[in-house]
file entry_0.txt (compact mmCIF, C-alpha atoms)
# COMPACT_ATOMS: atom_id res chain seq x y z
CA MET A 1 -81.50 -7.27 -17.90
CA PHE A 2 -81.58 -9.52 -14.81
CA ILE A 3 -85.03 -9.88 -13.25
CA LEU A 4 -85.71 -11.64 -9.97
CA GLY A 5 -88.60 -14.07 -10.08
CA GLU A 6 -89.94 -17.52 -9.35
CA LYS A 7 -90.10 -18.86 -12.93
CA SER A 8 -87.73 -21.47 -14.22
CA GLY A 9 -84.38 -20.02 -15.28
CA MET A 10 -84.72 -16.97 -13.07
CA ALA A 11 -83.09 -16.47 -9.70
CA THR A 12 -85.25 -15.87 -6.63
CA ARG A 13 -84.32 -13.12 -4.19
CA ARG A 14 -83.12 -15.79 -1.76
CA GLN A 15 -80.90 -17.42 -4.40
CA PHE A 16 -79.58 -14.03 -5.49
CA GLY A 17 -78.78 -13.04 -1.90
CA ALA A 18 -77.08 -16.37 -1.22
CA GLY A 19 -74.97 -15.87 -4.32
CA LEU A 20 -73.90 -12.41 -3.18
CA ILE A 21 -72.97 -13.75 0.25
CA ALA A 22 -70.95 -16.56 -1.30
CA MET A 23 -69.21 -14.14 -3.66
CA THR A 24 -68.40 -11.71 -0.81
CA SER A 25 -67.07 -14.57 1.33
CA THR A 26 -64.83 -15.73 -1.50
CA VAL A 27 -63.45 -12.23 -2.08
CA GLY A 28 -62.89 -11.77 1.67
CA SER A 29 -61.07 -15.10 1.87
CA ALA A 30 -58.79 -14.14 -1.01
CA VAL A 31 -57.82 -10.91 0.77
CA ALA A 32 -57.35 -12.67 4.10
CA ALA A 33 -55.21 -15.34 2.43
CA GLN A 34 -52.58 -12.79 1.35
CA PRO A 35 -49.45 -12.97 3.50
CA PRO A 36 -49.24 -10.17 6.07
CA ILE A 37 -46.93 -7.24 5.49
CA ARG A 38 -44.01 -7.64 7.85
CA LEU A 39 -42.38 -4.74 9.60
CA THR A 40 -40.20 -4.17 12.62
CA VAL A 41 -41.32 -1.59 15.16
CA TYR A 42 -38.76 -0.04 17.50
CA ARG A 43 -40.25 1.57 20.58
CA THR A 44 -39.46 2.50 24.13
CA PRO A 45 -40.82 0.11 26.79
CA ALA A 46 -42.89 2.71 28.68
CA CYS A 47 -44.88 4.16 25.78
CA SER A 48 -48.54 3.05 25.72
CA CYS A 49 -49.47 4.86 22.50
CA CYS A 50 -46.86 2.76 20.66
CA LYS A 51 -48.62 -0.41 21.82
CA ALA A 52 -51.94 0.97 20.57
CA TRP A 53 -50.37 1.85 17.18
CA VAL A 54 -48.96 -1.68 16.83
CA SER A 55 -52.42 -3.06 17.67
CA HIS A 56 -53.87 -0.85 14.88
CA LEU A 57 -51.34 -2.34 12.43
CA GLU A 58 -52.05 -5.92 13.49
CA LYS A 59 -55.80 -5.42 13.15
CA ALA A 60 -55.09 -4.16 9.61
CA GLY A 61 -53.25 -7.39 8.74
CA PHE A 62 -49.64 -6.41 9.38
CA ALA A 63 -47.20 -8.72 11.16
CA ALA A 64 -45.26 -6.51 13.54
CA LYS A 65 -42.07 -7.60 15.23
CA VAL A 66 -41.67 -5.28 18.21
CA VAL A 67 -38.22 -4.43 19.56
CA GLU A 68 -38.08 -2.43 22.78
CA LEU A 69 -35.09 -0.18 23.32
CA ASP A 70 -34.41 2.53 25.88
CA ASP A 71 -32.82 4.74 23.20
CA LEU A 72 -34.00 4.82 19.57
CA ALA A 73 -31.47 7.41 18.33
CA ALA A 74 -29.22 4.88 16.54
CA ILE A 75 -32.18 3.24 14.76
CA LYS A 76 -33.56 6.61 13.63
CA SER A 77 -30.12 7.76 12.46
CA ARG A 78 -29.49 4.57 10.42
CA ALA A 79 -32.97 4.81 8.88
CA GLY A 80 -32.41 8.44 7.88
CA VAL A 81 -35.23 9.97 9.94
CA PRO A 82 -34.73 13.75 10.02
CA GLY A 83 -34.70 15.04 13.62
CA VAL A 84 -37.73 17.27 13.19
CA TYR A 85 -39.87 14.22 12.30
CA GLU A 86 -38.71 11.93 15.12
CA SER A 87 -41.45 10.33 17.17
CA CYS A 88 -41.78 7.84 20.01
CA HIS A 89 -41.59 4.85 17.67
CA THR A 90 -40.00 3.97 14.35
CA ALA A 91 -40.98 1.10 12.08
CA LEU A 92 -38.96 -0.29 9.20
CA ALA A 93 -40.52 -2.04 6.21
CA GLU A 94 -39.09 -2.87 2.80
CA GLY A 95 -36.39 -0.21 3.01
CA TYR A 96 -38.67 2.57 4.27
CA PHE A 97 -39.08 4.08 7.74
CA ILE A 98 -42.50 4.76 9.24
CA GLU A 99 -42.25 7.45 11.90
CA GLY A 100 -45.05 8.19 14.32
CA HIS A 101 -48.76 7.51 14.12
CA VAL A 102 -49.03 6.73 10.41
CA PRO A 103 -52.31 4.96 9.49
CA ALA A 104 -52.06 1.40 8.11
CA PRO A 105 -53.65 2.31 4.73
CA ASP A 106 -50.88 4.88 4.17
CA ILE A 107 -48.24 2.23 4.83
CA ARG A 108 -49.96 -0.18 2.43
CA ARG A 109 -50.02 2.53 -0.23
CA LEU A 110 -46.33 3.35 0.35
CA LEU A 111 -45.32 -0.29 -0.05
CA SER A 112 -47.55 -0.75 -3.08
CA GLU A 113 -46.52 2.41 -4.96
CA LYS A 114 -42.87 2.37 -3.79
CA PRO A 115 -42.22 6.11 -4.31
CA ASP A 116 -38.70 7.46 -4.24
CA GLY A 117 -38.10 8.45 -0.65
CA ARG A 118 -36.94 7.43 2.80
CA GLY A 119 -40.30 6.94 4.49
CA LEU A 120 -43.47 8.34 5.98
CA ALA A 121 -43.99 10.52 9.04
CA VAL A 122 -46.85 12.02 11.01
CA LEU A 123 -45.77 15.02 13.05
CA GLY A 124 -46.60 15.02 16.72
CA MET A 125 -49.28 12.92 18.30
CA PRO A 126 -52.58 14.10 16.80
CA VAL A 127 -55.67 13.04 18.74
CA GLY A 128 -57.57 10.49 16.68
CA SER A 129 -54.55 9.22 14.76
CA PRO A 130 -53.90 5.47 15.14
CA GLY A 131 -52.81 4.82 18.71
CA MET A 132 -53.94 8.27 19.84
CA GLU A 133 -57.69 7.74 19.97
CA VAL A 134 -59.21 9.42 23.03
CA ALA A 135 -62.79 8.60 24.03
CA GLY A 136 -65.01 11.66 23.93
CA MET A 137 -62.53 13.78 21.97
CA ALA A 138 -62.93 14.68 18.31
CA ALA A 139 -60.14 13.60 16.00
CA GLU A 140 -57.73 16.30 14.86
CA ALA A 141 -56.87 16.75 11.21
CA PHE A 142 -53.36 15.56 10.39
CA ASP A 143 -51.13 14.85 7.43
CA THR A 144 -48.90 11.96 6.52
CA LEU A 145 -45.74 13.22 4.86
CA LEU A 146 -43.43 11.42 2.44
CA ILE A 147 -39.81 12.19 3.31
CA ALA A 148 -37.82 12.31 0.08
CA SER A 149 -34.25 11.04 -0.25
CA ASP A 150 -32.96 14.63 -0.08
CA GLY A 151 -34.90 15.26 3.17
CA SER A 152 -37.62 17.40 1.59
CA THR A 153 -41.26 16.47 2.16
CA ARG A 154 -44.47 16.29 0.25
CA LEU A 155 -48.03 15.58 1.31
CA PHE A 156 -48.74 11.86 1.07
CA ALA A 157 -52.19 11.71 2.70
CA ARG A 158 -54.53 14.04 4.57
CA HIS A 159 -56.67 12.73 7.42
call {"tool": "encode", "arguments": {"input": "entry_0.txt", "output": "structure tokens"}}
result
Amino acid sequence: MFILGEKSGMATRRQFGAGLIAMTSTVGSAVAAQPPIRLTVYRTPACSCCKAWVSHLEKAGFAAKVVELDDLAAIKSRAGVPGVYESCHTALAEGYFIEGHVPAPDIRRLLSEKPDGRGLAVLGMPVGSPGMEVAGMAAEAFDTLLIASDGSTRLFARH
């Protein structure tokens, strides 16, 4: 058992705390040193929620290349986004599409687990989802869906 004290061979509270801070800093540095996840975000120039979603991704350590287009139909079609799930922006990462206001942790999980499927989608523009935060309004519950290769869906995350 580890006991804090002043006697020789025992750590003081100050030494113990300094050790925890050093350990936390080292762990934080190791996470920060990982290369960012790169993705390409296609969006229309006029959409402000898309800018806020990209900011959410960048704050979470993603490197987003933003491409502005007046019409995203060709990108969505090539990526295999079913029409019912189309949103105001589409991101592509490691062979998957990310459609709508999908939270960064969901994207990390997708790219880590690499499930069989085309990508992730969040239907609509739920208040409180990344890029759709509204001051003074409570966040709505929403789901992130995994779109399978055959176009079917399953729940990926609930928020």
call {"tool": "closest_residue", "arguments": {"input": "entry_0.txt", "among": "A:Ala138, A:Ala104, A:Ala121, A:Ala63", "to": "Ser152 (chain A)", "atoms": "only C-alpha atoms"}}
result
A:Ala121
call {"tool": "atom_distance", "arguments": {"input": "entry_0.txt", "atom1": "CA of Thr90 (chain A)", "atom2": "CA of Tyr42 (chain A)"}}
result
5.2 Å
call {"tool": "atom_distance", "arguments": {"input": "entry_0.txt", "atom1": "CA of Trp53 (chain A)", "atom2": "CA of Glu133 (chain A)"}}
result
9.8 Å
call {"tool": "atom_distance", "arguments": {"input": "entry_0.txt", "atom1": "CA of Leu57 (chain A)", "atom2": "CA of Glu99 (chain A)"}}
result
13.4 Å
call {"tool": "closest_residue", "arguments": {"input": "entry_0.txt", "among": "A:Lys51, A:Lys59, A:Arg118, A:Lys65", "to": "Gly80 (chain A)", "atoms": "all atoms listed in the file"}}
result
A:Arg118
call {"tool": "residues_around", "arguments": {"input": "entry_0.txt", "residues": "Gly100 (chain A)", "least_positions_apart": "5", "cutoff": "8 Å", "atoms": "all atoms listed in the file", "output": "JSON, numbers by chain"}}
result
{"A": [86, 87, 88, 89, 90, 121, 122, 123, 124, 125]}
call {"tool": "residues_around", "arguments": {"input": "entry_0.txt", "residues": "Ala148 (chain A)", "least_positions_apart": "5", "cutoff": "10 Å", "atoms": "all atoms listed in the file", "output": "CSV table (one decimal) with C-alpha atoms, in the frame of the given file"}}
result
chain,number,residue,atom,x,y,z
A,115,PRO,CA,-42.2,6.1,-4.3
A,116,ASP,CA,-38.7,7.5,-4.2
A,117,GLY,CA,-38.1,8.4,-0.6
A,118,ARG,CA,-36.9,7.4,2.8
A,119,GLY,CA,-40.3,6.9,4.5
A,120,LEU,CA,-43.5,8.3,6.0
A,153,THR,CA,-41.3,16.5,2.2
A,154,ARG,CA,-44.5,16.3,0.2
call {"tool": "residues_around", "arguments": {"input": "entry_0.txt", "residues": "Leu111 (chain A)", "least_positions_apart": "6", "cutoff": "10 Å", "atoms": "only C-alpha atoms", "output": "list in words"}}
result
Ile37, Ala93, Glu94, Gly95, Tyr96, Pro105 and Gly119 of chain A
call {"tool": "closest_residue", "arguments": {"input": "entry_0.txt", "among": "A:His101, A:Arg109, A:Thr44, A:Glu140", "to": "Ala73 (chain A)", "atoms": "only C-alpha atoms"}}
result
A:Thr44
call {"tool": "closest_residue", "arguments": {"input": "entry_0.txt", "among": "A:Leu146, A:Ala157, A:Ala52, A:Val134", "to": "Val81 (chain A)", "atoms": "all atoms listed in the file"}}
result
A:Leu146
call {"tool": "closest_residue", "arguments": {"input": "entry_0.txt", "among": "A:His159, A:Pro82, A:His56, A:Ala74", "to": "Ile147 (chain A)", "atoms": "all atoms listed in the file"}}
result
A:Pro82
call {"tool": "closest_residue", "arguments": {"input": "entry_0.txt", "among": "A:Val84, A:Val41, A:Val67, A:Ala135", "to": "Val54 (chain A)", "atoms": "all atoms listed in the file"}}
result
A:Val41
